[in-house]
Amino acid sequence: MSRSGADTDPLGTRSGLPTADGNLDYLDLVKLGAELSMDLSGLPVTIRVLLENVLRQVGSPHATDEDVEALARWNPAQERELTFMPARVLLQDFTGVPAVVDLAAMRSALEQAGAKPDAVDPQVPVDLVVDHSVQIDAFGTPDAFRINVEREYERNHERYLLLRWAQQAFSGFRVVPPGTGIVHQVNLEYLAQVVLTVTDDAGTLAIPDTLVGTDSHTPMVNGLGVLGWGVGGIEAEAAMLGQPMPLVLPKVVGVKLSGELQPGVTATDLVLTITALLRAHGVVGKFVEFHGDGVSSLSVPDRATLSNMTPEYGATACLFPVDDKTLDYMRLTGRKPGTIDLVERYMKAQGLFGGTSGEVRYTESAALDLSTVEPSMAGPSRPQDRVGLSDVGRSLVETFSDELGTSRSPQEIAIGGERLDLADGDVVIAAITSCTNTSNPSVMVGAGILARKAVERGLTRRPWVKTSLAPGSRVVSDYLERAGLLGPLEQLGFNVVGYGCTTCIGNSGPLPDPVAAAIDEGELTVAAVLSGNRNFEGRIHPQVRASYLASPPLVVAYALAGTVQTDLTQDPIGRDADGKPVMLADIWPTDEEIGEALGSVISDTFTQRYETVFEGDLRWRELKGSTGMSFGWDPESTYVREPPFFKGLSRDATPPEDVVGAMALAVLGDSVTTDHISPAGAIPADGPAGQWLQEHGVETRDFNSFGSRRGNHEVMIRGTFANIRLRNRMVTPREGGFTIHVPTGDEVTIFEAARRYAEKGTPLVIVAGKEYGSGSSRDWAAKGTRLLGVRAVIAESYERIHRSNLIGMGVLPLQFKGENAASLGLEGTEVYNIPGIAPGLTPGAELTVTASRRDGTEVSFPVLCRIDSVVEAEYYRNGGVLQYVLRGMLAG
């Protein structure tokens, strides 16, 4: 990777760094502190990493000496805009495929304008890991993995042809093929190098490994000491093309860890405790840095588990500074000795090794004694709702009191050669899934030991439980097999179903027919238990209302118990062959057992598996598709279509106009997630997207998921606001993607209403509550909003990534100032006018919205323009960030 346009020796900080492989240069923060007469050791490590990043940009149009000094004198109360240039970009296929589609469309636009299409090319290294597409169709059999992979290739053939084209068309663009692992685990175990090298006019420069990724769980790698965070696909595309990322001077919350975890307590228990703690503290939009004596007791996989759930506790990013545990993990995972030597020398030279020493100035502080952490789960519908094992059943009853308060009889089902009753609270999905936990050998081996003990006692899973094991990398199944633990897991139905996200992102696949029918007929409230990171209602499976996050050993335990309406601390988990009760404590793995199993099996598994990580299987290697610099669009494709975003793009931007005569498309409440806005799961056959697919010759069995169809705007626009659990107050109490077409009073789908409004040229707005756009970093939640004709969203507050994505698509995010839809009496039938946009918006401007009711009365209220930086204002003026970049290329 090379860098140009910047000062090669900013503020005289370039120094030499002797390494095992020769001398390297670096920008010396210690020397910078002396130059500014400051002791930088009092700054959080996070700020010092960002400081090096800004220092490296000095001399380019993006950073000045004043920016460096402002960050060096870090005062989080100061509202100052900086820029961040990540060293690399990380993609997964659900968000990566639409990003590649956009880049291909930009090349087509350049070609049509008579310019060279290869001007659209990544300026930083890009890795895309295919992990979001495998679905659990088959489970509980030795053939499950083979069957699921075959179906994956059948469903995603067109998408994978696009990625094969991208591999040869773009420079510095690597693809980790299907069936390899989950993006964040592959990043942790292999891709991340902690310290990178770049070239400039003066030679080779060592820099911290930093990144942004098109997935909100990108910060998982921060447990390795790499600073990164999730962004929308639109922002990531801009970063790939060399655009700086606007960054307001960050607030850093220091979380002091002390003590050690008690025996039997897992990193999963810890992260659920941390999530509840920091959600209560309030870290939304802030950076979190872990420090204190307790940090040294946590392994890198433990730290990665805590880092993975950064978005669940609401922070932008977190960081565990590099220390000896980091170097140990790099050795374990087969990083090259020269790389490990460079990391140690660089971090020590910069004063970053081992974290902070002495008094550090954090914006805020929180603390946790690790010895107080207890076995926990989280649910039944939010990851921050931690519950102790003894309270799981009670949490279900309290959350679904209306449903469970009615007298509903269990439903008799015939399954597994038996006739059994299925009842409220029964576990119908038990999934060891997600990089959150499968990246941690201790909890995975713990699950295997529990399974072995259960099998030895004659326990079996309950027949109605759909079980699955989906490791985040092939290394996991390797060491489980070597330890003799894969067999016991398989005996309980936990066969490997794939190496991808599966259940964690809603790719849990269909439930067995008798179970599915019983749930619908009895209107049962059933549960899923998974080792994932998110459990929003309807996310895991549309028929499963309650979902609990748990450690892998507890996932196995609940597959044995078959219900969450039990207290596993007091009640038997089952009965052995002699009919004697077996308690969870009887089969729970000890720390000594886990340590003994780990010590003998992991040594060389990482090196062997990652030697061929980019090759893929025979199916991948035999994929033949478009070649050349421009992609060959197929107008008949139902997976990949040229999007309309750049067609007819003018060379000069047309400034946005005021919003006049707008109608509300939806009035929504609090905590509307990007899942609600743009679902990733199953496509309903009777919805607008399903109807479009059927009209184009796609059978229902081949619909695949919304996530896999993100390369086709025709499907995605029809799926926007189509989540079956969406609650639009305009059609209360009905759930799903419906609204009122106000001029006619018709209750129609949101897509149909938007289509009717578009025919009349009527602009649209969305009205929402707090935490609008929380959850996944899903660019189609903004793209679909834009294509529906929405000009502005008016919400009480926004989750960071979605707010940025809205601007990146030319949609204006506005924020109520102390009021909300209820207090103002907004019902969605009003006509909305928003003046003050046309002159050109400035960051943080105050605007006035006027809503005219049908009875002739009006209500006016102030809103805050949530364009937070000058760079964002320029993006909005151009109709979006990619339009801004493309105009720059046409002008150049």
# chains A, B, ... in the order shown; residues from 1 in each chain; ligands from 1

$ residues_around --residues "Gly140 of chain A" --least-positions-apart "4" --cutoff "10 Å" --atoms "only C-alpha atoms" --output "PyMOL selection string"
chain A and resi 144-145+466-469+489-497

$ write_last_selection --atoms "N, CA, C and O atoms" --output "mmCIF file, in the first residue's frame"
data_model
loop_
_atom_site.group_PDB
_atom_site.id
_atom_site.type_symbol
_atom_site.label_atom_id
_atom_site.label_comp_id
_atom_site.auth_asym_id
_atom_site.auth_seq_id
_atom_site.Cartn_x
_atom_site.Cartn_y
_atom_site.Cartn_z
ATOM 1 N N ALA A 144 -25.292 -32.628 6.693
ATOM 2 C CA ALA A 144 -25.872 -31.285 6.797
ATOM 3 C C ALA A 144 -24.998 -30.236 6.118
ATOM 4 O O ALA A 144 -25.499 -29.392 5.351
ATOM 5 N N PHE A 145 -23.694 -30.264 6.379
ATOM 6 C CA PHE A 145 -22.812 -29.253 5.799
ATOM 7 C C PHE A 145 -22.826 -29.330 4.280
ATOM 8 O O PHE A 145 -22.972 -28.320 3.593
ATOM 9 N N LYS A 466 -34.322 -27.746 17.007
ATOM 10 C CA LYS A 466 -33.453 -27.697 15.823
ATOM 11 C C LYS A 466 -32.071 -27.272 16.283
ATOM 12 O O LYS A 466 -31.851 -26.130 16.692
ATOM 13 N N THR A 467 -31.123 -28.184 16.229
ATOM 14 C CA THR A 467 -29.768 -27.937 16.725
ATOM 15 C C THR A 467 -28.816 -27.676 15.573
ATOM 16 O O THR A 467 -28.992 -28.201 14.459
ATOM 17 N N SER A 468 -27.782 -26.886 15.832
ATOM 18 C CA SER A 468 -26.800 -26.604 14.780
ATOM 19 C C SER A 468 -25.487 -26.137 15.389
ATOM 20 O O SER A 468 -25.464 -25.525 16.463
ATOM 21 N N LEU A 469 -24.417 -26.432 14.683
ATOM 22 C CA LEU A 469 -23.070 -25.966 15.023
ATOM 23 C C LEU A 469 -22.508 -25.277 13.788
ATOM 24 O O LEU A 469 -22.303 -25.920 12.755
ATOM 25 N N LEU A 489 -20.845 -33.860 20.417
ATOM 26 C CA LEU A 489 -21.729 -32.785 19.959
ATOM 27 C C LEU A 489 -22.650 -33.297 18.853
ATOM 28 O O LEU A 489 -23.851 -32.999 18.834
ATOM 29 N N GLU A 490 -22.085 -34.075 17.944
ATOM 30 C CA GLU A 490 -22.898 -34.632 16.855
ATOM 31 C C GLU A 490 -23.959 -35.598 17.384
ATOM 32 O O GLU A 490 -25.079 -35.651 16.859
ATOM 33 N N GLN A 491 -23.624 -36.353 18.408
ATOM 34 C CA GLN A 491 -24.607 -37.275 18.988
ATOM 35 C C GLN A 491 -25.808 -36.535 19.557
ATOM 36 O O GLN A 491 -26.902 -37.089 19.635
ATOM 37 N N LEU A 492 -25.609 -35.282 19.952
ATOM 38 C CA LEU A 492 -26.717 -34.475 20.470
ATOM 39 C C LEU A 492 -27.338 -33.602 19.383
ATOM 40 O O LEU A 492 -28.157 -32.731 19.680
ATOM 41 N N GLY A 493 -26.953 -33.846 18.123
ATOM 42 C CA GLY A 493 -27.556 -33.110 17.016
ATOM 43 C C GLY A 493 -26.800 -31.875 16.594
ATOM 44 O O GLY A 493 -27.226 -31.173 15.669
ATOM 45 N N PHE A 494 -25.671 -31.584 17.226
ATOM 46 C CA PHE A 494 -24.896 -30.390 16.877
ATOM 47 C C PHE A 494 -23.868 -30.726 15.800
ATOM 48 O O PHE A 494 -22.661 -30.607 15.998
ATOM 49 N N ASN A 495 -24.359 -31.148 14.653
ATOM 50 C CA ASN A 495 -23.480 -31.370 13.497
ATOM 51 C C ASN A 495 -23.124 -30.031 12.869
ATOM 52 O O ASN A 495 -23.896 -29.064 12.931
ATOM 53 N N VAL A 496 -21.958 -29.968 12.244
ATOM 54 C CA VAL A 496 -21.570 -28.755 11.528
ATOM 55 C C VAL A 496 -22.528 -28.542 10.362
ATOM 56 O O VAL A 496 -22.710 -29.427 9.523
ATOM 57 N N VAL A 497 -23.147 -27.354 10.331
ATOM 58 C CA VAL A 497 -24.104 -27.026 9.261
ATOM 59 C C VAL A 497 -23.523 -26.038 8.262
ATOM 60 O O VAL A 497 -24.085 -25.811 7.189
#

$ residues_around --residues "Met106 of chain A" --least-positions-apart "6" --cutoff "10 Å" --atoms "only C-alpha atoms" --output "PyMOL selection string"
chain A and resi 100+112+117-120+630+642-643+645-647+882-883+885-886

$ write_last_selection --atoms "all heavy atoms" --output "CSV table (one decimal), in the first residue's frame"
chain,number,residue,atom,x,y,z
A,100,VAL,N,-20.0,-3.8,-4.1
A,100,VAL,CA,-19.4,-4.1,-5.4
A,100,VAL,C,-20.3,-3.7,-6.5
A,100,VAL,O,-19.9,-3.2,-7.6
A,100,VAL,CB,-19.0,-5.6,-5.5
A,100,VAL,CG1,-18.6,-6.0,-6.9
A,100,VAL,CG2,-18.0,-6.0,-4.5
A,112,GLN,N,-19.8,5.3,-19.7
A,112,GLN,CA,-20.8,6.0,-20.5
A,112,GLN,C,-20.5,7.5,-20.7
A,112,GLN,O,-21.0,8.1,-21.7
A,112,GLN,CB,-22.2,5.8,-19.9
A,112,GLN,CG,-22.7,4.4,-19.9
A,112,GLN,CD,-23.8,4.1,-18.9
A,112,GLN,OE1,-24.4,5.0,-18.3
A,112,GLN,NE2,-24.1,2.8,-18.7
A,117,PRO,N,-13.0,3.6,-17.0
A,117,PRO,CA,-13.8,3.0,-15.9
A,117,PRO,C,-12.9,2.6,-14.7
A,117,PRO,O,-13.3,2.6,-13.6
A,117,PRO,CB,-14.4,1.8,-16.5
A,117,PRO,CG,-13.7,1.5,-17.7
A,117,PRO,CD,-13.1,2.8,-18.2
A,118,ASP,N,-11.6,2.3,-15.0
A,118,ASP,CA,-10.8,1.8,-13.9
A,118,ASP,C,-10.3,2.9,-13.0
A,118,ASP,O,-9.5,2.6,-12.0
A,118,ASP,CB,-9.6,1.0,-14.4
A,118,ASP,CG,-8.7,1.8,-15.3
A,118,ASP,OD1,-9.0,3.0,-15.6
A,118,ASP,OD2,-7.7,1.3,-15.8
A,119,ALA,N,-10.8,4.1,-13.2
A,119,ALA,CA,-10.6,5.2,-12.2
A,119,ALA,C,-11.2,4.8,-10.9
A,119,ALA,O,-10.8,5.3,-9.8
A,119,ALA,CB,-11.1,6.5,-12.7
A,120,VAL,N,-12.3,4.0,-11.0
A,120,VAL,CA,-13.0,3.5,-9.8
A,120,VAL,C,-12.2,2.3,-9.4
A,120,VAL,O,-12.4,1.2,-9.9
A,120,VAL,CB,-14.5,3.2,-10.0
A,120,VAL,CG1,-15.1,2.6,-8.8
A,120,VAL,CG2,-15.2,4.4,-10.4
A,630,SER,N,-15.1,-3.6,-16.8
A,630,SER,CA,-16.5,-3.3,-16.6
A,630,SER,C,-17.4,-4.5,-16.5
A,630,SER,O,-17.1,-5.5,-17.2
A,630,SER,CB,-17.1,-2.4,-17.8
A,630,SER,OG,-16.4,-1.2,-17.8
A,642,GLU,N,-28.1,-3.4,-12.4
A,642,GLU,CA,-27.5,-2.1,-12.3
A,642,GLU,C,-28.4,-1.1,-11.6
A,642,GLU,O,-29.5,-0.9,-12.0
A,642,GLU,CB,-27.2,-1.5,-13.7
A,642,GLU,CG,-26.4,-0.2,-13.7
A,642,GLU,CD,-26.0,0.3,-15.0
A,642,GLU,OE1,-26.4,-0.4,-16.0
A,642,GLU,OE2,-25.3,1.3,-15.1
A,643,PRO,N,-27.9,-0.5,-10.5
A,643,PRO,CA,-28.8,0.3,-9.7
A,643,PRO,C,-29.0,1.7,-10.3
A,643,PRO,O,-28.2,2.1,-11.2
A,643,PRO,CB,-28.0,0.5,-8.4
A,643,PRO,CG,-26.6,0.3,-8.7
A,643,PRO,CD,-26.6,-0.7,-9.9
A,645,PHE,N,-28.8,4.7,-9.1
A,645,PHE,CA,-28.2,5.8,-8.3
A,645,PHE,C,-27.4,6.8,-9.2
A,645,PHE,O,-27.3,8.0,-8.9
A,645,PHE,CB,-27.4,5.3,-7.2
A,645,PHE,CG,-28.1,4.4,-6.3
A,645,PHE,CD1,-27.5,3.2,-5.9
A,645,PHE,CD2,-29.3,4.7,-5.7
A,645,PHE,CE1,-28.1,2.3,-5.1
A,645,PHE,CE2,-30.0,3.8,-4.9
A,645,PHE,CZ,-29.4,2.6,-4.6
A,646,PHE,N,-26.7,6.3,-10.2
A,646,PHE,CA,-25.8,7.1,-11.0
A,646,PHE,C,-26.2,7.4,-12.4
A,646,PHE,O,-25.5,8.0,-13.2
A,646,PHE,CB,-24.4,6.5,-11.0
A,646,PHE,CG,-24.0,6.0,-9.7
A,646,PHE,CD1,-23.8,4.6,-9.4
A,646,PHE,CD2,-23.7,6.9,-8.6
A,646,PHE,CE1,-23.4,4.2,-8.2
A,646,PHE,CE2,-23.3,6.4,-7.4
A,646,PHE,CZ,-23.2,5.1,-7.1
A,647,LYS,N,-27.4,6.9,-12.8
A,647,LYS,CA,-27.9,7.1,-14.2
A,647,LYS,C,-28.3,8.5,-14.4
A,647,LYS,O,-29.0,9.1,-13.6
A,647,LYS,CB,-29.0,6.1,-14.5
A,647,LYS,CG,-28.6,4.7,-14.5
A,647,LYS,CD,-29.8,3.8,-14.9
A,647,LYS,CE,-29.3,2.3,-15.1
A,647,LYS,NZ,-30.4,1.4,-15.4
A,882,LEU,N,-21.4,8.9,-2.8
A,882,LEU,CA,-20.8,8.3,-4.1
A,882,LEU,C,-21.0,9.2,-5.3
A,882,LEU,O,-20.2,9.2,-6.2
A,882,LEU,CB,-21.4,6.9,-4.3
A,882,LEU,CG,-21.2,5.9,-3.2
A,882,LEU,CD1,-21.8,4.5,-3.6
A,882,LEU,CD2,-19.7,5.7,-3.0
A,883,GLN,N,-22.1,9.9,-5.3
A,883,GLN,CA,-22.3,10.9,-6.3
A,883,GLN,C,-21.2,12.0,-6.2
A,883,GLN,O,-20.7,12.5,-7.3
A,883,GLN,CB,-23.7,11.5,-6.2
A,883,GLN,CG,-24.9,10.6,-6.5
A,883,GLN,CD,-25.3,9.7,-5.4
A,883,GLN,OE1,-24.6,9.5,-4.4
A,883,GLN,NE2,-26.4,9.0,-5.6
A,885,VAL,N,-18.2,11.6,-5.0
A,885,VAL,CA,-16.9,11.0,-5.5
A,885,VAL,C,-16.9,10.9,-7.0
A,885,VAL,O,-15.9,11.2,-7.7
A,885,VAL,CB,-16.7,9.6,-4.9
A,885,VAL,CG1,-15.5,8.9,-5.5
A,885,VAL,CG2,-16.5,9.7,-3.4
A,886,LEU,N,-18.0,10.4,-7.6
A,886,LEU,CA,-18.1,10.2,-9.0
A,886,LEU,C,-18.0,11.6,-9.8
A,886,LEU,O,-17.3,11.7,-10.8
A,886,LEU,CB,-19.4,9.6,-9.4
A,886,LEU,CG,-19.5,8.9,-10.8
A,886,LEU,CD1,-18.4,8.0,-11.0
A,886,LEU,CD2,-20.8,8.2,-11.0

$ atom_distance --atom1 "atom CA of Asn53 of chain A" --atom2 "atom CA of Pro311 of chain A"
23.1 Å

$ atom_distance --atom1 "atom CA of Arg279 of chain A" --atom2 "atom CA of Leu306 of chain A"
13.6 Å

$ residues_around --residues "Leu826 of chain A" --least-positions-apart "4" --cutoff "9 Å" --atoms "only C-alpha atoms" --output "list of chain:residue names"
A:Val667, A:Val767, A:Asn820, A:Ala821, A:Ala822, A:Glu830, A:Ala851, A:Arg853, A:Val859

$ write_last_selection --atoms "N, CA, C and O atoms" --output "PDB file, in the first residue's frame"
ATOM      1  N   VAL A 667     -45.229   6.327  10.752  1.00  0.00           N
ATOM      2  CA  VAL A 667     -44.968   6.946  12.053  1.00  0.00           C
ATOM      3  C   VAL A 667     -44.585   5.804  12.989  1.00  0.00           C
ATOM      4  O   VAL A 667     -45.410   4.927  13.287  1.00  0.00           O
ATOM      5  N   VAL A 767     -41.493   9.555  10.367  1.00  0.00           N
ATOM      6  CA  VAL A 767     -41.480  10.102  11.719  1.00  0.00           C
ATOM      7  C   VAL A 767     -41.187   8.941  12.674  1.00  0.00           C
ATOM      8  O   VAL A 767     -41.795   7.868  12.561  1.00  0.00           O
ATOM      9  N   ASN A 820     -41.759  15.139  20.667  1.00  0.00           N
ATOM     10  CA  ASN A 820     -41.855  13.928  19.860  1.00  0.00           C
ATOM     11  C   ASN A 820     -43.214  13.887  19.177  1.00  0.00           C
ATOM     12  O   ASN A 820     -44.047  14.796  19.357  1.00  0.00           O
ATOM     13  N   ALA A 821     -43.428  12.846  18.411  1.00  0.00           N
ATOM     14  CA  ALA A 821     -44.669  12.759  17.647  1.00  0.00           C
ATOM     15  C   ALA A 821     -45.889  12.761  18.558  1.00  0.00           C
ATOM     16  O   ALA A 821     -46.908  13.398  18.256  1.00  0.00           O
ATOM     17  N   ALA A 822     -45.807  12.056  19.680  1.00  0.00           N
ATOM     18  CA  ALA A 822     -46.950  11.979  20.587  1.00  0.00           C
ATOM     19  C   ALA A 822     -47.255  13.327  21.221  1.00  0.00           C
ATOM     20  O   ALA A 822     -48.413  13.760  21.279  1.00  0.00           O
ATOM     21  N   GLU A 830     -50.876  14.307   8.361  1.00  0.00           N
ATOM     22  CA  GLU A 830     -50.587  15.718   8.113  1.00  0.00           C
ATOM     23  C   GLU A 830     -49.807  15.911   6.805  1.00  0.00           C
ATOM     24  O   GLU A 830     -49.221  14.967   6.263  1.00  0.00           O
ATOM     25  N   ALA A 851     -46.468  21.066  10.221  1.00  0.00           N
ATOM     26  CA  ALA A 851     -47.362  19.967   9.865  1.00  0.00           C
ATOM     27  C   ALA A 851     -48.789  20.488   9.845  1.00  0.00           C
ATOM     28  O   ALA A 851     -49.298  20.971  10.862  1.00  0.00           O
ATOM     29  N   ARG A 853     -52.689  19.841   9.585  1.00  0.00           N
ATOM     30  CA  ARG A 853     -53.664  18.767   9.798  1.00  0.00           C
ATOM     31  C   ARG A 853     -54.827  18.912   8.828  1.00  0.00           C
ATOM     32  O   ARG A 853     -55.062  19.977   8.245  1.00  0.00           O
ATOM     33  N   VAL A 859     -49.261  22.709  13.269  1.00  0.00           N
ATOM     34  CA  VAL A 859     -48.338  22.659  14.384  1.00  0.00           C
ATOM     35  C   VAL A 859     -46.938  22.828  13.811  1.00  0.00           C
ATOM     36  O   VAL A 859     -46.567  22.164  12.836  1.00  0.00           O
TER      37      VAL A 859
END

$ residues_around --residues "His713 of chain A" --least-positions-apart "4" --cutoff "8 Å" --atoms "only C-alpha atoms" --output "list of chain:residue names"
A:Arg641, A:Pro643, A:Ile717, A:Gly784

$ select_by_dssp --residues "segment 197-366 of chain A" --states "helix (DSSP H, G or I)" --output "ChimeraX atom specification"
/A:218-224,233-240,267-281,293-297,300-308,310-313,324-332,337-349

$ residues_around --residues "Gly632 of chain A" --least-positions-apart "4" --cutoff "10 Å" --atoms "only C-alpha atoms" --output "ChimeraX atom specification"
/A:104,108,162,165,625-628,642

$ closest_residue --among "A:Gly285, A:His157, A:Ala516, A:Asp341" --to "Tyr798 of chain A" --atoms "only C-alpha atoms"
A:Gly285

$ closest_atom_pairs --of "segment 630-736 of chain A" --to "segment 769-777 of chain A" --cutoff "12 Å" --atoms "only C-alpha atoms" --output "JSON lines"
{"residue": "A:Ala666", "atom": "CA", "partner": "A:Gly769", "partner_atom": "CA", "distance": 11.6}
{"residue": "A:Val667", "atom": "CA", "partner": "A:Gly769", "partner_atom": "CA", "distance": 8.7}
{"residue": "A:Leu668", "atom": "CA", "partner": "A:Gly769", "partner_atom": "CA", "distance": 6.4}
{"residue": "A:Gly669", "atom": "CA", "partner": "A:Gly769", "partner_atom": "CA", "distance": 4.7}
{"residue": "A:Asp670", "atom": "CA", "partner": "A:Gly769", "partner_atom": "CA", "distance": 4.4}
{"residue": "A:Ser671", "atom": "CA", "partner": "A:Glu771", "partner_atom": "CA", "distance": 4.9}
{"residue": "A:Val672", "atom": "CA", "partner": "A:Tyr772", "partner_atom": "CA", "distance": 5.1}
{"residue": "A:Thr673", "atom": "CA", "partner": "A:Ser774", "partner_atom": "CA", "distance": 4.5}
{"residue": "A:Thr674", "atom": "CA", "partner": "A:Gly773", "partner_atom": "CA", "distance": 5.0}
{"residue": "A:Asp675", "atom": "CA", "partner": "A:Gly775", "partner_atom": "CA", "distance": 7.2}
{"residue": "A:His676", "atom": "CA", "partner": "A:Gly773", "partner_atom": "CA", "distance": 8.5}
{"residue": "A:Ile677", "atom": "CA", "partner": "A:Gly773", "partner_atom": "CA", "distance": 7.7}
{"residue": "A:Ser678", "atom": "CA", "partner": "A:Gly773", "partner_atom": "CA", "distance": 10.0}
{"residue": "A:Pro679", "atom": "CA", "partner": "A:Ser776", "partner_atom": "CA", "distance": 10.3}
{"residue": "A:Ala680", "atom": "CA", "partner": "A:Ser776", "partner_atom": "CA", "distance": 10.0}
{"residue": "A:Gly707", "atom": "CA", "partner": "A:Ser776", "partner_atom": "CA", "distance": 11.8}
{"residue": "A:Phe721", "atom": "CA", "partner": "A:Gly773", "partner_atom": "CA", "distance": 11.7}
{"residue": "A:Arg727", "atom": "CA", "partner": "A:Gly769", "partner_atom": "CA", "distance": 11.9}
{"residue": "A:Asn728", "atom": "CA", "partner": "A:Gly769", "partner_atom": "CA", "distance": 11.6}
{"residue": "A:Arg729", "atom": "CA", "partner": "A:Gly769", "partner_atom": "CA", "distance": 11.4}

$ closest_residue --among "A:Glu364, A:Glu150, A:Asp868, A:Asp617" --to "Pro76 of chain A" --atoms "only C-alpha atoms"
A:Glu364

$ residues_around --residues "Asp591 of chain A" --least-positions-apart "4" --cutoff "8 Å" --atoms "only C-alpha atoms" --output "number ranges by chain"
A: 263-264, 595

$ closest_residue --among "A:Asp269, A:Asp302, A:Glu872, A:Asp127" --to "Cys435 of chain A" --atoms "only C-alpha atoms"
A:Asp302

$ residues_around --residues "Ala546 of chain A" --least-positions-apart "3" --cutoff "10 Å" --atoms "only C-alpha atoms" --output "list in words"
Gly379, Pro380, Ser381, Arg382, Ser395, Leu396, Thr399, Phe400, Gly425, Asp426, Val427, Thr525, Val526, Ala527, Ala528, Val529, Asn535, Phe536, Glu537, Gly538, Arg539, Ile540, His541, Gln543 and Val564 of chain A

$ write_last_selection --atoms "N, CA and C atoms" --output "CSV table (one decimal), in the first residue's frame"
chain,number,residue,atom,x,y,z
A,379,GLY,N,-32.1,-11.7,27.2
A,379,GLY,CA,-33.3,-11.8,26.4
A,379,GLY,C,-34.5,-11.4,27.2
A,380,PRO,N,-35.7,-11.7,26.6
A,380,PRO,CA,-35.9,-12.5,25.4
A,380,PRO,C,-35.9,-11.7,24.0
A,381,SER,N,-35.6,-10.4,24.1
A,381,SER,CA,-35.6,-9.7,22.8
A,381,SER,C,-34.6,-8.5,22.7
A,382,ARG,N,-33.7,-8.4,23.7
A,382,ARG,CA,-32.7,-7.3,23.6
A,382,ARG,C,-31.4,-7.9,24.2
A,395,SER,N,-38.4,-14.2,33.1
A,395,SER,CA,-38.3,-13.1,32.1
A,395,SER,C,-39.2,-13.3,30.9
A,396,LEU,N,-39.4,-14.6,30.5
A,396,LEU,CA,-40.3,-14.9,29.4
A,396,LEU,C,-41.7,-14.5,29.8
A,399,THR,N,-42.2,-10.7,29.9
A,399,THR,CA,-42.1,-10.0,28.6
A,399,THR,C,-43.4,-10.3,27.8
A,400,PHE,N,-43.8,-11.5,27.8
A,400,PHE,CA,-45.0,-11.9,27.0
A,400,PHE,C,-46.2,-12.2,27.9
A,425,GLY,N,-42.8,-21.5,25.6
A,425,GLY,CA,-41.5,-21.5,26.3
A,425,GLY,C,-40.6,-22.6,25.9
A,426,ASP,N,-41.1,-23.5,25.0
A,426,ASP,CA,-40.2,-24.6,24.5
A,426,ASP,C,-39.2,-24.1,23.6
A,427,VAL,N,-38.0,-24.6,23.7
A,427,VAL,CA,-36.8,-24.2,22.8
A,427,VAL,C,-36.9,-25.0,21.5
A,525,THR,N,-45.8,-19.1,22.0
A,525,THR,CA,-44.6,-18.3,22.1
A,525,THR,C,-43.4,-19.2,22.5
A,526,VAL,N,-42.7,-19.6,21.5
A,526,VAL,CA,-41.5,-20.5,21.6
A,526,VAL,C,-40.2,-19.7,21.6
A,527,ALA,N,-39.1,-20.4,21.9
A,527,ALA,CA,-37.9,-19.7,22.2
A,527,ALA,C,-36.7,-20.3,21.3
A,528,ALA,N,-35.7,-19.5,21.1
A,528,ALA,CA,-34.5,-19.9,20.6
A,528,ALA,C,-33.4,-19.6,21.6
A,529,VAL,N,-32.4,-20.4,21.7
A,529,VAL,CA,-31.2,-20.1,22.5
A,529,VAL,C,-30.0,-20.2,21.6
A,535,ASN,N,-30.7,-10.5,19.4
A,535,ASN,CA,-31.9,-11.3,19.6
A,535,ASN,C,-33.1,-10.5,19.5
A,536,PHE,N,-33.1,-9.5,18.6
A,536,PHE,CA,-34.3,-8.7,18.4
A,536,PHE,C,-35.5,-9.6,18.0
A,537,GLU,N,-36.7,-9.2,18.4
A,537,GLU,CA,-37.9,-10.0,18.1
A,537,GLU,C,-38.0,-10.2,16.6
A,538,GLY,N,-38.2,-11.4,16.2
A,538,GLY,CA,-38.4,-11.8,14.8
A,538,GLY,C,-37.1,-11.9,14.0
A,539,ARG,N,-35.9,-11.6,14.6
A,539,ARG,CA,-34.7,-11.7,13.9
A,539,ARG,C,-34.2,-13.1,13.6
A,540,ILE,N,-34.3,-13.9,14.7
A,540,ILE,CA,-33.7,-15.3,14.6
A,540,ILE,C,-34.6,-16.2,13.7
A,541,HIS,N,-35.9,-16.1,13.8
A,541,HIS,CA,-36.8,-16.8,13.0
A,541,HIS,C,-38.2,-16.2,13.1
A,543,GLN,N,-41.1,-17.3,13.3
A,543,GLN,CA,-42.0,-17.9,14.1
A,543,GLN,C,-41.6,-18.0,15.6
A,564,VAL,N,-37.2,-23.1,28.2
A,564,VAL,CA,-36.7,-22.0,29.0
A,564,VAL,C,-37.5,-21.8,30.3

$ closest_residue --among "A:Gly416, A:Asp7, A:Gln608, A:Ala689" --to "Asp200 of chain A" --atoms "only C-alpha atoms"
A:Asp7

$ atom_distance --atom1 "atom CA of Arg800 of chain A" --atom2 "atom CA of Asp779 of chain A"
12.4 Å
